[in-house]
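Student: Here it is, the structure in full.
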Amino acid sequence: MSRTIAFIGLGIMGLPMAKNLVTAGFTVRGFNRTPAKAAELEKAGGQAAGTIAEAVDGADVIITMVPDSPDVEDVLTGEEGILAHAKSGAYWIDNSTIRPDVAKNLSAQAAQKGLKPLDAPVSGGEAGAINGALSIMVGGDRGDFDAVSDVFDAVGKTIVLVGPAGSGQTVKAANQLIVAGNIELLAEAVVFLEAYGVETDSALQVLGGGLAGSKVLDQKGQKMLDRSFDPGFRLELHHKDMGIVTAAAREAGVSIPLGSAVAQLVASTVQQGNGGLDHSGLFTVVEQLSGKNQS
């Protein structure tokens, strides 16, 4: 018998993930603060829930994909939230990206209420969500992880248990640190190449075939060349993530000098009103710093 999955948060990432779960044969009930998103899931064969309580009622697996730590706390512990209405023994998978300490705290609260929690942030952007090819870093119990492997397989390609509760979020913070640094250096490289009149399409092609190659270059290089920053992952969310990693590094007594500098550049881009751009839109600040802003 197909398990019932409640999916809370049907945004850029959540909606295609929920659709992939429907395609995999699960019964999926979705809730989103914007009802139109749940209606879109319904068109794809899922069910639309009017409240969180309705979505999680009787669900075997509950997935949350919301923007930030306070959002996860509210969805989980609010009066109409998951803890108040989920059945005992349900698996709770949090695909959001939040603070590791908050993830540990909320996992403990969920376990006390009889849920089986896994913090499981994802990487791969909108394309990865649509294609079911996300990288998923999971914190929690091995038995719980194994028990929902079919759920993970429906939305991801690289799925790894990285440690106990909170570990998934710690690894995701490292992921966001690396991605932001790569985006910043790619932006600097493109501005540098354009300043010398190099054929940039060809330049990125050959760079991509060598040690400088990366998924960031493959997925974000053309967006920079085209100055096309429709969001696959919004800068305002990466700004939040850089706050998570810099705070966690400080707490651990770890120095991340380059990461801290990139965090400031991301913050500057957001403060200029560009938080809604794709995170490759960090390019706009690099152009500004060189006096070459063409927008």
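Quick note on naming: the chains in the structure tokens go A, B, ... in the order shown, residues restart at 1 in each chain, and ligands are numbered from 1 in order of appearance.
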Give me, as a VMD selection string, all polymer residues having an atom no more than 12 Å from Lys37 in chain A, counting only C-alpha atoms and skipping those fewer than 3 positions away in the same chain.

Tutor: chain A and resid 7 to 16 18 to 19 29 to 34 40 to 44 46 to 50

Student: Using only C-alpha atoms, which protein or nucleic acid residues come within 10 Å of Asp230 in chain A? Drop anything in the same chain fewer than 3 positions from it, and give the result as a CSV table (one decimal) with N, CA and C atoms, in the first residue's frame.

Tutor:
chain,number,residue,atom,x,y,z
A,223,LYS,N,24.1,32.3,-17.3
A,223,LYS,CA,23.2,33.3,-16.8
A,223,LYS,C,23.9,34.7,-16.6
A,227,ARG,N,23.1,38.1,-18.5
A,227,ARG,CA,22.5,39.0,-17.5
A,227,ARG,C,21.1,38.6,-17.2
A,233,PHE,N,17.4,29.8,-7.3
A,233,PHE,CA,17.6,29.9,-5.9
A,233,PHE,C,17.9,31.4,-5.6
A,234,ARG,N,17.0,32.0,-4.8
A,234,ARG,CA,17.0,33.4,-4.6
A,234,ARG,C,18.2,33.9,-3.7
A,276,GLY,N,15.7,39.1,-4.7
A,276,GLY,CA,14.8,38.2,-5.5
A,276,GLY,C,15.5,37.6,-6.7
A,277,LEU,N,16.7,38.1,-7.0
A,277,LEU,CA,17.4,37.5,-8.2
A,277,LEU,C,17.9,36.1,-7.8
A,278,ASP,N,18.3,35.3,-8.8
A,278,ASP,CA,19.0,34.1,-8.7
A,278,ASP,C,20.3,34.4,-8.0
A,279,HIS,N,20.9,33.5,-7.2
A,279,HIS,CA,22.1,33.8,-6.5
A,279,HIS,C,23.3,34.1,-7.5
A,280,SER,N,23.2,33.7,-8.7
A,280,SER,CA,24.2,34.1,-9.7
A,280,SER,C,24.1,35.7,-9.9
A,281,GLY,N,23.1,36.3,-9.5
A,281,GLY,CA,23.0,37.8,-9.5
A,281,GLY,C,24.0,38.5,-8.6

Student: Suppose you want the space between CA of Asp94 in chain A and CA of Leu235 in chain A; what is it in Å?

Tutor: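 A separation of 21.1 Å between them.
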
Student: If you count only C-alpha atoms, which residues fall within 6 Å of range 127-130 of chain A, apart from same-chain ones fewer than 2 positions away, as a ChimeraX atom specification?

Tutor: /A:13,16-17,124-125,132-134

Student: Might you pull out every residue within 12 Å of range 101-110 of chain A, with only C-alpha atoms counted and same-chain residues fewer than 5 positions away left off, and present them as a ChimeraX atom specification?

Tutor: /A:62,68-77,81-96,115-121,138-141,163-170,172-173,244-245,247-248,251-252

Student: Check the smallest atom-to-atom distance from each of A:Leu265, A:Val216, A:Ile63, A:Leu289 to Val155 in chain A using only C-alpha atoms, then report the winner.

Tutor: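 Residue with the minimum atom-to-atom distance to Val155 in chain A: A:Ile63.
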